[in-house]
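This is run_12.cif. It holds mmCIF, C-alpha atoms and all ligand atoms.
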data_structure
#
loop_
_atom_site.label_atom_id
_atom_site.label_comp_id
_atom_site.auth_asym_id
_atom_site.auth_seq_id
_atom_site.Cartn_x
_atom_site.Cartn_y
_atom_site.Cartn_z
CA VAL A 28 17.80 -20.56 -16.35
CA VAL A 29 15.44 -17.63 -16.12
CA ALA A 30 12.45 -17.87 -18.39
CA ALA A 31 9.94 -15.26 -19.34
CA ALA A 32 6.56 -15.69 -20.95
CA SER A 33 4.07 -13.13 -22.07
CA ARG A 34 1.09 -13.00 -24.38
CA SER A 35 3.39 -10.91 -26.50
CA THR A 36 6.25 -13.05 -27.88
CA ALA A 37 8.15 -9.88 -28.82
CA SER A 38 8.06 -8.56 -25.23
CA ALA A 39 9.23 -11.94 -23.88
CA ARG A 40 12.15 -11.87 -26.34
CA ALA A 41 13.00 -8.27 -25.39
CA LEU A 42 12.89 -9.10 -21.67
CA ALA A 43 15.04 -12.20 -22.10
CA ALA A 44 17.57 -10.29 -24.23
CA GLY A 45 18.17 -7.89 -21.33
CA ILE A 46 19.02 -10.62 -18.80
CA PRO A 47 22.36 -12.48 -19.19
CA GLY A 48 21.83 -16.23 -19.56
CA CYS A 49 18.13 -15.81 -20.19
CA ARG A 50 16.26 -17.33 -23.09
CA ALA A 51 12.68 -16.62 -23.98
CA LEU A 52 10.30 -19.52 -23.94
CA GLU A 53 7.45 -18.79 -26.25
CA GLY A 54 4.23 -19.57 -24.50
CA ALA A 55 3.31 -19.95 -20.86
CA GLN A 56 3.00 -23.75 -21.06
CA GLN A 57 6.65 -23.99 -22.17
CA VAL A 58 7.61 -21.99 -19.08
CA ALA A 59 5.49 -24.15 -16.80
CA ASP A 60 7.12 -27.27 -18.28
CA ALA A 61 10.72 -25.95 -18.18
CA CYS A 62 10.95 -24.26 -14.76
CA ASP A 63 10.89 -25.40 -11.17
CA LEU A 64 9.54 -22.08 -9.85
CA VAL A 65 7.01 -20.03 -11.81
CA PHE A 66 5.83 -16.52 -10.90
CA LEU A 67 2.43 -15.71 -12.39
CA THR A 68 2.80 -11.92 -12.53
CA VAL A 69 -0.40 -11.28 -14.42
CA ASN A 70 -2.89 -8.72 -13.10
CA ASP A 71 -4.91 -9.95 -10.15
CA ALA A 72 -8.09 -10.91 -12.00
CA ALA A 73 -6.07 -13.02 -14.48
CA ILE A 74 -4.24 -15.12 -11.84
CA ALA A 75 -6.88 -17.85 -11.41
CA PRO A 76 -7.72 -18.15 -15.15
CA ALA A 77 -4.01 -18.12 -16.11
CA ALA A 78 -3.27 -20.88 -13.57
CA ALA A 79 -6.30 -22.87 -14.70
CA GLY A 80 -5.26 -22.60 -18.35
CA LEU A 81 -1.95 -24.45 -17.84
CA ARG A 82 -0.84 -27.98 -16.97
CA TRP A 83 1.17 -28.29 -13.73
CA SER A 84 3.06 -31.01 -11.96
CA PRO A 85 4.34 -31.57 -8.40
CA ARG A 86 7.84 -30.71 -9.72
CA VAL A 87 6.98 -27.06 -10.30
CA SER A 88 6.08 -24.46 -7.67
CA VAL A 89 3.62 -21.71 -8.65
CA VAL A 90 3.57 -18.32 -6.98
CA HIS A 91 1.61 -15.11 -7.52
CA CYS A 92 2.70 -11.60 -6.53
CA SER A 93 -0.65 -10.09 -5.56
CA GLY A 94 -1.12 -8.62 -2.10
CA ALA A 95 -4.87 -9.09 -1.73
CA THR A 96 -5.56 -12.20 -3.85
CA PRO A 97 -5.76 -15.43 -1.81
CA VAL A 98 -3.22 -18.15 -2.62
CA ASP A 99 -6.33 -20.25 -3.36
CA ALA A 100 -6.44 -18.46 -6.72
CA LEU A 101 -3.76 -21.03 -7.65
CA ALA A 102 -6.03 -23.93 -6.58
CA SER A 103 -6.06 -25.50 -10.05
CA ALA A 104 -2.25 -25.86 -9.88
CA ALA A 105 -2.42 -27.16 -6.29
CA GLN A 106 -4.98 -29.79 -7.40
CA GLN A 107 -2.36 -31.09 -9.87
CA GLY A 108 0.15 -31.42 -7.02
CA ALA A 109 2.09 -28.17 -7.51
CA PRO A 110 3.19 -26.36 -4.33
CA THR A 111 1.63 -22.86 -4.41
CA GLY A 112 2.37 -19.60 -2.65
CA GLY A 113 2.25 -15.81 -2.47
CA PHE A 114 5.24 -13.45 -2.79
CA HIS A 115 4.10 -9.85 -2.47
CA PRO A 116 6.54 -6.93 -2.48
CA LEU A 117 4.98 -4.14 -0.40
CA GLN A 118 6.03 -1.39 -2.79
CA THR A 119 4.58 0.60 -5.69
CA PHE A 120 6.29 -0.12 -9.02
CA ALA A 121 5.82 2.42 -11.78
CA ASP A 122 8.41 1.11 -14.28
CA PRO A 123 11.11 -1.61 -14.25
CA GLU A 124 14.10 0.72 -13.62
CA ALA A 125 12.34 2.48 -10.72
CA ALA A 126 11.25 -0.93 -9.39
CA ILE A 127 14.85 -2.24 -9.29
CA ARG A 128 15.95 0.89 -7.39
CA SER A 129 13.08 0.82 -4.89
CA LEU A 130 13.05 -2.91 -4.09
CA PRO A 131 15.98 -3.16 -1.60
CA GLY A 132 14.77 -2.45 1.93
CA CYS A 133 11.10 -3.07 1.25
CA THR A 134 9.08 -5.86 2.80
CA ILE A 135 7.99 -9.00 0.97
CA ALA A 136 5.03 -10.94 2.36
CA VAL A 137 5.50 -14.67 1.90
CA GLU A 138 2.72 -17.23 2.23
CA ALA A 139 3.53 -20.85 1.44
CA ASP A 140 4.09 -24.21 3.05
CA GLU A 141 7.61 -25.59 3.46
CA PRO A 142 9.83 -26.16 1.54
CA LEU A 143 8.54 -23.47 -0.85
CA ARG A 144 8.33 -20.95 2.00
CA ALA A 145 12.06 -21.27 2.76
CA ALA A 146 12.92 -20.88 -0.93
CA LEU A 147 10.79 -17.71 -1.24
CA GLU A 148 12.18 -16.25 1.98
CA SER A 149 15.71 -16.89 0.77
CA LEU A 150 14.90 -15.17 -2.54
CA ALA A 151 13.47 -12.14 -0.68
CA THR A 152 16.60 -11.93 1.47
CA ARG A 153 18.82 -12.07 -1.61
CA LEU A 154 16.79 -9.17 -3.04
CA GLN A 155 17.80 -7.28 0.16
CA CYS A 156 14.19 -7.20 1.34
CA ARG A 157 12.65 -7.82 4.74
CA VAL A 158 10.34 -10.83 5.00
CA ILE A 159 7.02 -11.18 6.75
CA ARG A 160 5.09 -14.42 6.90
CA LEU A 161 1.37 -14.08 6.26
CA PRO A 162 -0.99 -16.58 7.85
CA ALA A 163 -3.68 -17.98 5.55
CA GLY A 164 -6.74 -15.71 5.35
CA ALA A 165 -4.91 -12.47 6.24
CA ARG A 166 -4.10 -11.15 2.76
CA ALA A 167 -7.01 -8.70 2.32
CA ARG A 168 -6.38 -7.14 5.77
CA TYR A 169 -2.63 -6.98 5.17
CA HIS A 170 -3.14 -5.36 1.76
CA ALA A 171 -5.71 -2.87 3.14
CA SER A 172 -3.17 -1.78 5.76
CA GLY A 173 -0.78 -0.97 2.91
CA ALA A 174 -3.40 1.38 1.43
CA TYR A 175 -2.84 3.73 4.38
CA ALA A 176 0.80 4.21 3.37
CA SER A 177 0.16 4.38 -0.38
CA GLN A 178 -3.13 5.32 -2.02
CA LEU A 179 -4.58 7.09 1.02
CA LEU A 180 -1.43 9.24 1.08
CA ASN A 181 -2.37 10.32 -2.46
CA VAL A 182 -5.84 11.17 -1.13
CA MET A 183 -4.34 13.27 1.70
CA LEU A 184 -2.16 15.23 -0.72
CA ARG A 185 -5.10 15.78 -3.11
CA GLU A 186 -7.06 17.24 -0.16
CA ALA A 187 -4.07 19.41 0.83
CA GLY A 188 -3.67 20.50 -2.80
CA ARG A 189 -7.30 21.63 -2.97
CA ILE A 190 -6.77 23.76 0.13
CA TRP A 191 -3.60 25.18 -1.47
CA GLU A 192 -5.57 26.04 -4.64
CA SER A 193 -8.02 28.07 -2.51
CA PHE A 194 -5.27 30.66 -1.92
CA GLY A 195 -3.95 30.70 -5.48
CA GLY A 196 -1.40 27.86 -5.48
CA THR A 197 -1.35 24.62 -7.45
CA GLU A 198 -1.37 20.99 -6.40
CA ALA A 199 2.21 20.64 -7.69
CA GLU A 200 3.32 23.54 -5.45
CA ALA A 201 1.50 21.95 -2.52
CA VAL A 202 3.29 18.63 -3.11
CA ALA A 203 6.69 20.38 -3.43
CA ALA A 204 6.10 22.19 -0.14
CA LEU A 205 4.47 19.34 1.78
CA ALA A 206 6.56 16.33 0.68
CA PRO A 207 9.60 17.38 2.81
CA LEU A 208 7.23 17.86 5.75
CA ALA A 209 5.78 14.39 5.16
CA ARG A 210 9.30 12.89 4.92
CA GLY A 211 10.27 14.57 8.21
CA THR A 212 7.14 13.22 9.91
CA LEU A 213 7.83 9.74 8.55
CA ALA A 214 11.45 9.86 9.76
CA ALA A 215 10.26 10.84 13.25
CA ILE A 216 7.66 8.06 13.26
CA GLU A 217 10.30 5.51 12.21
CA SER A 218 12.65 6.66 14.93
CA THR A 219 10.28 7.14 17.91
CA GLY A 220 6.91 5.58 17.01
CA VAL A 221 3.48 6.72 15.83
CA ALA A 222 2.22 8.31 19.07
CA ALA A 223 5.55 9.63 20.40
CA ALA A 224 6.25 11.46 17.12
CA MET A 225 2.78 13.04 16.93
CA PRO A 226 3.18 16.67 15.75
CA GLY A 227 0.66 19.50 15.43
CA PRO A 228 -1.82 21.57 17.45
CA ILE A 229 -3.75 18.64 18.93
CA SER A 230 -0.51 17.31 20.36
CA ARG A 231 0.26 20.77 21.71
CA GLY A 232 -3.23 21.07 23.24
CA ASP A 233 -4.00 24.16 21.15
CA LEU A 234 -7.82 24.30 20.84
CA ALA A 235 -7.85 27.76 19.21
CA VAL A 236 -5.74 26.62 16.25
CA VAL A 237 -7.89 23.56 15.65
CA ARG A 238 -11.07 25.70 15.81
CA ALA A 239 -9.49 28.10 13.27
CA HIS A 240 -8.65 25.13 10.99
CA THR A 241 -12.24 23.83 11.02
CA GLU A 242 -13.68 27.30 10.27
CA ALA A 243 -11.17 28.02 7.49
CA LEU A 244 -11.64 24.62 5.84
CA GLY A 245 -15.44 24.90 6.09
CA ALA A 246 -15.17 28.09 4.01
CA VAL A 247 -13.09 26.25 1.36
CA ASP A 248 -15.38 23.20 1.15
CA PRO A 249 -17.46 21.71 4.00
CA ALA A 250 -16.59 18.18 2.79
CA ILE A 251 -12.86 18.91 3.20
CA GLY A 252 -13.56 20.32 6.68
CA ALA A 253 -15.66 17.28 7.66
CA LEU A 254 -12.87 14.86 6.67
CA TYR A 255 -10.36 16.99 8.59
CA CYS A 256 -12.58 16.66 11.72
CA GLU A 257 -12.98 12.90 11.24
CA LEU A 258 -9.23 12.33 10.99
CA SER A 259 -8.42 14.82 13.77
CA LEU A 260 -10.72 12.86 16.11
CA ARG A 261 -8.29 9.95 15.56
CA ALA A 262 -5.40 12.27 16.48
CA VAL A 263 -6.78 12.97 19.97
CA PRO A 264 -6.03 9.52 21.50
CA LEU A 265 -2.54 9.67 19.98
CA ALA A 266 -1.87 12.97 21.78
CA VAL A 267 -3.16 11.40 25.02
CA GLU A 268 -0.94 8.35 24.50
CA ARG A 269 2.02 10.68 23.88
CA GLY A 270 1.28 12.25 27.27
CA SER A 271 1.08 15.78 25.88
CA ILE A 272 -2.62 16.32 26.69
CA GLY A 273 -4.73 14.98 29.54
CA PRO A 274 -8.27 13.55 29.51
CA GLU A 275 -9.95 16.95 30.06
CA ARG A 276 -8.26 18.65 27.08
CA ALA A 277 -8.94 15.47 25.05
CA ALA A 278 -12.68 15.74 25.86
CA GLU A 279 -12.65 19.42 24.81
CA PHE A 280 -11.05 18.52 21.47
CA GLU A 281 -13.60 15.75 20.93
CA THR A 282 -16.55 18.07 21.61
CA LEU A 283 -15.15 20.78 19.32
CA LEU A 284 -14.39 18.34 16.50
CA ARG A 285 -17.70 16.42 16.74
CA GLU A 286 -19.73 19.66 16.66
CA ALA A 287 -17.69 21.00 13.74
CA ARG A 288 -18.03 17.67 11.89
CA ARG A 289 -21.85 17.73 12.33
CA ARG A 290 -22.03 21.34 11.08
CA LEU A 291 -19.73 20.68 8.12
CA GLN A 292 -21.48 17.44 7.10
CA ARG A 293 -24.80 19.35 7.03
CA GLY A 294 -23.11 22.01 4.86
CA ALA A 295 -21.64 19.36 2.55
CA SER A 296 -24.97 17.56 2.03
CA ALA A 297 -26.77 20.88 1.38
CA ARG A 298 -24.47 21.54 -1.62
N1 LIG B 1 2.67 -2.68 -9.88
C1 LIG B 1 2.86 -2.71 -8.58
O1 LIG B 1 3.17 -1.69 -7.95
C2 LIG B 1 2.73 -4.01 -7.84
C3 LIG B 1 3.24 -4.08 -6.53
C4 LIG B 1 3.15 -5.28 -5.84
C5 LIG B 1 2.53 -6.38 -6.44
N2 LIG B 1 2.01 -6.26 -7.70
C6 LIG B 1 1.34 -7.45 -8.26
O2 LIG B 1 2.08 -7.92 -9.38
C7 LIG B 1 1.16 -8.51 -10.34
C8 LIG B 1 1.37 -7.83 -11.67
O3 LIG B 1 1.08 -6.45 -11.50
P1 LIG B 1 1.49 -5.37 -12.61
O4 LIG B 1 1.31 -4.03 -12.00
O5 LIG B 1 2.78 -5.76 -13.22
O6 LIG B 1 0.30 -5.60 -13.64
P2 LIG B 1 0.18 -5.06 -15.12
O7 LIG B 1 1.09 -3.89 -15.33
O8 LIG B 1 -1.29 -4.93 -15.37
O9 LIG B 1 0.79 -6.24 -15.98
C9 LIG B 1 0.13 -7.46 -16.04
C10 LIG B 1 0.77 -8.28 -17.15
O10 LIG B 1 0.07 -9.54 -17.19
C11 LIG B 1 -0.17 -9.85 -18.55
N3 LIG B 1 -1.34 -10.71 -18.64
C12 LIG B 1 -2.59 -10.43 -18.24
N4 LIG B 1 -3.39 -11.49 -18.47
C13 LIG B 1 -2.61 -12.46 -19.02
C14 LIG B 1 -2.82 -13.77 -19.46
N5 LIG B 1 -4.04 -14.33 -19.37
N6 LIG B 1 -1.77 -14.47 -19.96
C15 LIG B 1 -0.53 -13.91 -20.04
N7 LIG B 1 -0.27 -12.65 -19.64
C16 LIG B 1 -1.28 -11.94 -19.13
C17 LIG B 1 -0.38 -8.51 -19.23
O11 LIG B 1 -0.10 -8.68 -20.58
P3 LIG B 1 -0.74 -7.71 -21.69
O12 LIG B 1 0.06 -6.45 -21.60
O13 LIG B 1 -0.53 -8.49 -22.94
O14 LIG B 1 -2.19 -7.51 -21.33
C18 LIG B 1 0.65 -7.64 -18.52
O15 LIG B 1 1.91 -7.72 -19.16
C19 LIG B 1 -0.25 -8.30 -9.78
O16 LIG B 1 -0.65 -9.48 -9.11
C20 LIG B 1 -0.07 -7.16 -8.78
O17 LIG B 1 -1.01 -7.21 -7.72
C21 LIG B 1 2.10 -5.12 -8.42
#

Would you encode the structure as structure tokens?
Amino acid sequence: VVAAASRSTASARALAAGIPGCRALEGAQQVADACDLVFLTVNDAAIAPAAAGLRWSPRVSVVHCSGATPVDALASAAQQGAPTGGFHPLQTFADPEAAIRSLPGCTIAVEADEPLRAALESLATRLQCRVIRLPAGARARYHASGAYASQLLNVMLREAGRIWESFGGTEAEAVAALAPLARGTLAAIESTGVAAAMPGPISRGDLAVVRAHTEALGAVDPAIGALYCELSLRAVPLAVERGSIGPERAAEFETLLREARRRLQRGASAR
């Protein structure tokens, strides 16, 4: 039996109607009483209050799906003897249909004691997902690492779009042009690794191109140029690790980028 509860009885009924063999239980307490495994898929801030507002028993396991929220948010259920855990799909879900398509192949972070852990890992495997086990206390760091592959990617493309707009294009045109480039970079990273797949002028040891970038971006917006310098400073050790530049060229890049960053930060704060 699959059960669904929501503050909206109508949405629980609609959800249940779409799943063969599913009946809607009206009210969260009915779900907690009827099921042996309950997913509290409320928004993060509501997890602890939702758990605290229900009666639990050792017969029912309670799991949340938040990446950053500690499993301790389910402490009120644990105090009543319920096994508790975390089951976080490392994916962005916009709507249910897109979510079903994008779930296979993604990673699910599981945090629970046995036997709940084995049950959650088996569920993740049946969803065709990879499993990672999170040790207690690691959730915020794990979730922050995900930000680099999700929301910070949005930030990068907003920055690139603003540069594109400076020569008459739009952000949508920038995304259409840059997304295939990003996919190619990602494919290379997946096949050879972060440092080995490092593209671009720093990897090629081309100081003149990087100097031209900093000057051109400073003319668009010093804040954009300063961020470019900050991130490019992180590219230098990757090029060294790749073996495509030596320590002397690396030091030249660092001097160029630090000086440009200082100049651009002054320009940005003067605005
Ligand atoms: N979306 C993603 O990409 C994604 C990815 C991985 C993990 N997650 C995790 O999945 C969980 C749900 O995320 P979401 O994006 O689905 O959130 P959401 O779109 O904000 O939906 C949250 C749902 O919880 C319901 N709700 C809130 N408080 C409630 C309460 N006290 N009692 C009963 N229902 C309550 C809301 O109902 P109302 O509409 O009536 O307010 C809403 O239907 C979160 O822990 C999130 O971190 C999300």

>> Env of A:Gly112: 12 Å cut, atoms = all atoms listed in the file, seq-sep filter 5 positions within chain, self excluded. Answer as number ranges by chain.
In response: A: 64-67, 87-94, 96-102, 104-105, 136-148, 160-163, 166

Let's have the selection written as a short mmCIF file (atom, residue, chain, number, x, y, z; two decimals), in the coordinates of the input, with C-alpha atoms.
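That gives us result_2.cif:
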data_model
loop_
_atom_site.label_atom_id
_atom_site.label_comp_id
_atom_site.auth_asym_id
_atom_site.auth_seq_id
_atom_site.Cartn_x
_atom_site.Cartn_y
_atom_site.Cartn_z
CA LEU A 64 9.54 -22.08 -9.85
CA VAL A 65 7.01 -20.03 -11.81
CA PHE A 66 5.83 -16.52 -10.90
CA LEU A 67 2.43 -15.71 -12.39
CA VAL A 87 6.98 -27.06 -10.30
CA SER A 88 6.08 -24.46 -7.67
CA VAL A 89 3.62 -21.71 -8.65
CA VAL A 90 3.57 -18.32 -6.98
CA HIS A 91 1.61 -15.11 -7.52
CA CYS A 92 2.70 -11.60 -6.53
CA SER A 93 -0.65 -10.09 -5.56
CA GLY A 94 -1.12 -8.62 -2.10
CA THR A 96 -5.56 -12.20 -3.85
CA PRO A 97 -5.76 -15.43 -1.81
CA VAL A 98 -3.22 -18.15 -2.62
CA ASP A 99 -6.33 -20.25 -3.36
CA ALA A 100 -6.44 -18.46 -6.72
CA LEU A 101 -3.76 -21.03 -7.65
CA ALA A 102 -6.03 -23.93 -6.58
CA ALA A 104 -2.25 -25.86 -9.88
CA ALA A 105 -2.42 -27.16 -6.29
CA ALA A 136 5.03 -10.94 2.36
CA VAL A 137 5.50 -14.67 1.90
CA GLU A 138 2.72 -17.23 2.23
CA ALA A 139 3.53 -20.85 1.44
CA ASP A 140 4.09 -24.21 3.05
CA GLU A 141 7.61 -25.59 3.46
CA PRO A 142 9.83 -26.16 1.54
CA LEU A 143 8.54 -23.47 -0.85
CA ARG A 144 8.33 -20.95 2.00
CA ALA A 145 12.06 -21.27 2.76
CA ALA A 146 12.92 -20.88 -0.93
CA LEU A 147 10.79 -17.71 -1.24
CA GLU A 148 12.18 -16.25 1.98
CA ARG A 160 5.09 -14.42 6.90
CA LEU A 161 1.37 -14.08 6.26
CA PRO A 162 -0.99 -16.58 7.85
CA ALA A 163 -3.68 -17.98 5.55
CA ARG A 166 -4.10 -11.15 2.76
#

Atom CA of A:Gln57 sits from atom CA of A:Ala77 at a separation of 13.6 Å

Would you compute the box with edges along x, y and z of the file around stretch 132-136 of chain A, including every atom the file lists for it and 6 Å extra on each side, and give its centre and edge lengths in Å to one decimal, as lines of an AutoDock Vina configuration file?
center_x = 9.9
center_y = -6.7
center_z = 1.9
size_x = 21.7
size_y = 20.5
size_z = 13.8

Contact check, chain A to ligand LIG 1 (chain B), at most 7 Å, counting all atoms listed in the file, closest pairs as CSV:
residue,atom,partner,partner_atom,distance
A:Ser33,CA,B:LIG1,N7,5.0
A:Arg34,CA,B:LIG1,C15,4.7
A:Ser35,CA,B:LIG1,O13,5.8
A:Thr68,CA,B:LIG1,C7,4.4
A:Val69,CA,B:LIG1,O10,3.3
A:Asn70,CA,B:LIG1,C19,4.3
A:Asp71,CA,B:LIG1,O16,4.4
A:Ala73,CA,B:LIG1,N4,5.0
A:Pro76,CA,B:LIG1,N5,6.8
A:Ala77,CA,B:LIG1,N5,5.0
A:His91,CA,B:LIG1,O16,6.3
A:Cys92,CA,B:LIG1,O2,4.7
A:Ser93,CA,B:LIG1,O16,3.6
A:Gly94,CA,B:LIG1,O17,5.8
A:His115,CA,B:LIG1,C5,5.5
A:Pro116,CA,B:LIG1,C4,5.1
A:Leu117,CA,B:LIG1,C4,5.9
A:Gln118,CA,B:LIG1,C3,5.4
A:Thr119,CA,B:LIG1,O1,3.5
A:Phe120,CA,B:LIG1,O1,3.7
A:Ala121,CA,B:LIG1,O1,6.2

Residues proximal to (11.7, -2.5, -2.2) were defined as those with any atom within 12 Å of that point in the file's coordinates, counting all atoms listed in the file. Which are they, as a PyMOL selection string?
chain A and resi 115-120+125-136+151-158

Next on the checklist: So that I can check the surroundings of A:Leu234, please list as JSON, numbers by chain every protein, DNA and RNA residue that reaches within 10 Å of it, counting only C-alpha atoms and ignoring chain neighbours fewer than 2 positions away.
Outcome noted: {"A": [228, 229, 231, 232, 236, 237, 238, 239, 240, 276, 277, 279, 280, 283, 284]}

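Among A:Ala167, A:Ala72, A:Ala287, A:Ala209, the residue with the shortest atom-to-atom distance to A:Leu254, counting only C-alpha atoms, is A:Ala287.
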
note - atom CA of A:Gly54 and atom CA of A:Trp83 are separated by 14.2 Å

Next on the checklist: For A:Arg293, find every residue with an atom within 10 Å (counting only C-alpha atoms), except residues of its own chain fewer than 6 positions away, and show them as a PyMOL selection string.
Outcome noted: chain A and resi 249-250+253+287

Go ahead and save the residues from that selection, with C-alpha atoms, as a PDB file, keeping the file's coordinate frame.
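Now in part_8.pdb:
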ATOM      1  CA  PRO A 249     -17.460  21.710   4.000  1.00  0.00           C
ATOM      2  CA  ALA A 250     -16.590  18.180   2.790  1.00  0.00           C
ATOM      3  CA  ALA A 253     -15.660  17.280   7.660  1.00  0.00           C
ATOM      4  CA  ALA A 287     -17.690  21.000  13.740  1.00  0.00           C
TER       5      ALA A 287
END

Across A:Ile272, A:Arg86, A:Ala262, A:Ala95, the smallest distance to A:Cys62, with only C-alpha atoms counted, is shown by A:Arg86

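Atom CA of A:Ala171 is found 16.3 Å from atom CA of A:Phe114.
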
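Compared by their closest atoms to A:Glu268, and using all atoms listed in the file, the residues A:Pro207, A:Gly220, A:Gly113, A:Gly196 rank with A:Gly220 nearest.
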
Next on the checklist: From the options A:Met225, A:Ala37, A:Ala165, A:Ile251, which residue's atoms come nearest to A:Ala51, counting only C-alpha atoms?
Outcome noted: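 The answer is A:Ala37, which sits nearest to A:Ala51.
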